[in-house]
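Report on one structure; see the data block that follows.
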Amino acid sequence: MTKDKTRCPWCLKNELDREYHDTEWGVPLHDDQKLFEFLILEGAQAGLSWSTVLAKRENYRLALDNFDPYIIAQYDERKEAELLSNPGIIRNRLKIKSTITNAQNFIKIVEKHCSFNHYIWSFVDGTPIINTFDTIKDIPTSTPISDAMSKQLKKDGFKFTGSTICYAFMQATGMVNDHITNCFRKNKV
């Protein structure tokens, strides 16, 4: 990977962050299972750095049946205990319980709206918001749209979906393009 390109400064700490930034972050995502994955990972990030979660992503995929919400929704206390003892993921009881709860509610949303994609992208009318921030200091941690998304997700029973988590989810899944203006990825996503 070329290091002479201008990138968003948050990804410069390590190669894994750069790879994620250069290939995934901000790319519009419409696959239900991948959207679920990001919803869970963003919730797991609460109180931690994205680098920490990203480094554990493959472990999460293994531990959580590749983020299949239909399998996760059936997890029982034995599986919860297994997850709590897994050093490859973030072993926080509330976050693990929320993963199961969110899988159950995800399925309800799919049944009601035909897809999670349709439901979640409705907050931006199906079109990515393209921002023009010059520095990462200019990028907000939440917006009125992420506030509305958070409020609705909570109303629909989701956990670990505060406005800041929702905004990070929007950034990750390309609902909002927050690559800074001089980042080489800005116009590629």
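Chain labels follow the order of the structure tokens: the first chain is A, the next B, and so on; residue numbering restarts at 1 in every chain, and ligands are counted from 1 in their shown order.
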Please identify all polymer residues within 8 Å of Phe133 in chain A, counting only C-alpha atoms, omitting same-chain residues fewer than 3 positions from it, and present them as a PDB file with C-alpha atoms, in the first residue's frame.
```pdb
ATOM      1  CA  ILE A 136     -10.876  15.823  11.287  1.00  0.00           C
ATOM      2  CA  ASP A 138     -14.295  19.779  11.790  1.00  0.00           C
ATOM      3  CA  ILE A 139     -16.104  16.418  11.688  1.00  0.00           C
ATOM      4  CA  ASP A 178     -16.522  12.216   5.967  1.00  0.00           C
ATOM      5  CA  HIS A 179     -13.196  11.708   4.243  1.00  0.00           C
ATOM      6  CA  ILE A 180     -11.457  15.058   4.601  1.00  0.00           C
ATOM      7  CA  THR A 181     -11.315  17.143   1.438  1.00  0.00           C
TER       8      THR A 181
END
```
Spatial neighbours of Glu77 in chain A, max dist 10 Å, only C-alpha atoms, sep filter under 5 positions, as number ranges by chain: A: 82-83, 97
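CA of Gly47 in chain A is found 11.9 Å from CA of Gly162 in chain A.
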Among listed residues A:Ile165, A:Met149, A:Ala172, A:Cys114, nearest Asp32 in chain A (using only C-alpha atoms):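 The answer is A:Cys114, which sits nearest to Asp32 in chain A.
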For Ala55 in chain A, the nearest of the candidates A:Ile72, A:Ile129, A:Leu16, A:Val176, counting only C-alpha atoms: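 Smallest distance to Ala55 in chain A is found for A:Leu16.
Of the residues under consideration (A:Glu24, A:Phe67, A:Ile96, A:Asp134), A:Ile96 shows the shortest atom-to-atom contact distance to Ala81 in chain A when counting only C-alpha atoms.
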Write out as a PDB file with N, CA and C atoms, in the first residue's frame the residues lying within 7 Å of Gly43 in chain A, counting only C-alpha atoms and excluding same-chain residues fewer than 3 positions away.
```pdb
ATOM      1  N   LEU A  39     -23.028  -2.539  12.758  1.00  0.00           N
ATOM      2  CA  LEU A  39     -23.824  -2.115  13.906  1.00  0.00           C
ATOM      3  C   LEU A  39     -23.270  -2.730  15.190  1.00  0.00           C
ATOM      4  N   ILE A  40     -22.922  -4.008  15.131  1.00  0.00           N
ATOM      5  CA  ILE A  40     -22.374  -4.692  16.301  1.00  0.00           C
ATOM      6  C   ILE A  40     -20.974  -4.164  16.638  1.00  0.00           C
ATOM      7  N   ALA A  46     -17.894   1.306  21.858  1.00  0.00           N
ATOM      8  CA  ALA A  46     -18.260   2.278  22.902  1.00  0.00           C
ATOM      9  C   ALA A  46     -17.234   2.283  24.027  1.00  0.00           C
ATOM     10  N   PHE A 160     -26.835  -0.103  22.698  1.00  0.00           N
ATOM     11  CA  PHE A 160     -25.541   0.447  22.274  1.00  0.00           C
ATOM     12  C   PHE A 160     -25.682   1.124  20.913  1.00  0.00           C
ATOM     13  N   THR A 161     -26.692   1.972  20.824  1.00  0.00           N
ATOM     14  CA  THR A 161     -26.952   2.701  19.586  1.00  0.00           C
ATOM     15  C   THR A 161     -27.200   4.180  19.894  1.00  0.00           C
ATOM     16  N   ILE A 165     -22.477   6.594  18.368  1.00  0.00           N
ATOM     17  CA  ILE A 165     -22.303   5.277  17.744  1.00  0.00           C
ATOM     18  C   ILE A 165     -22.995   5.258  16.386  1.00  0.00           C
TER      19      ILE A 165
END
```
Which residue of A:Tyr119, A:Tyr75, A:Phe184, A:Trp50 approaches Leu153 in chain A most closely, using only C-alpha atoms: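 Using only C-alpha atoms, the shortest distance to Leu153 in chain A belongs to A:Tyr119.
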Top pick for closest residue to Lys108 in chain A, considering A:Thr141, A:Asp156, A:Asp76, A:Ala44 and counting only C-alpha atoms: A:Asp156
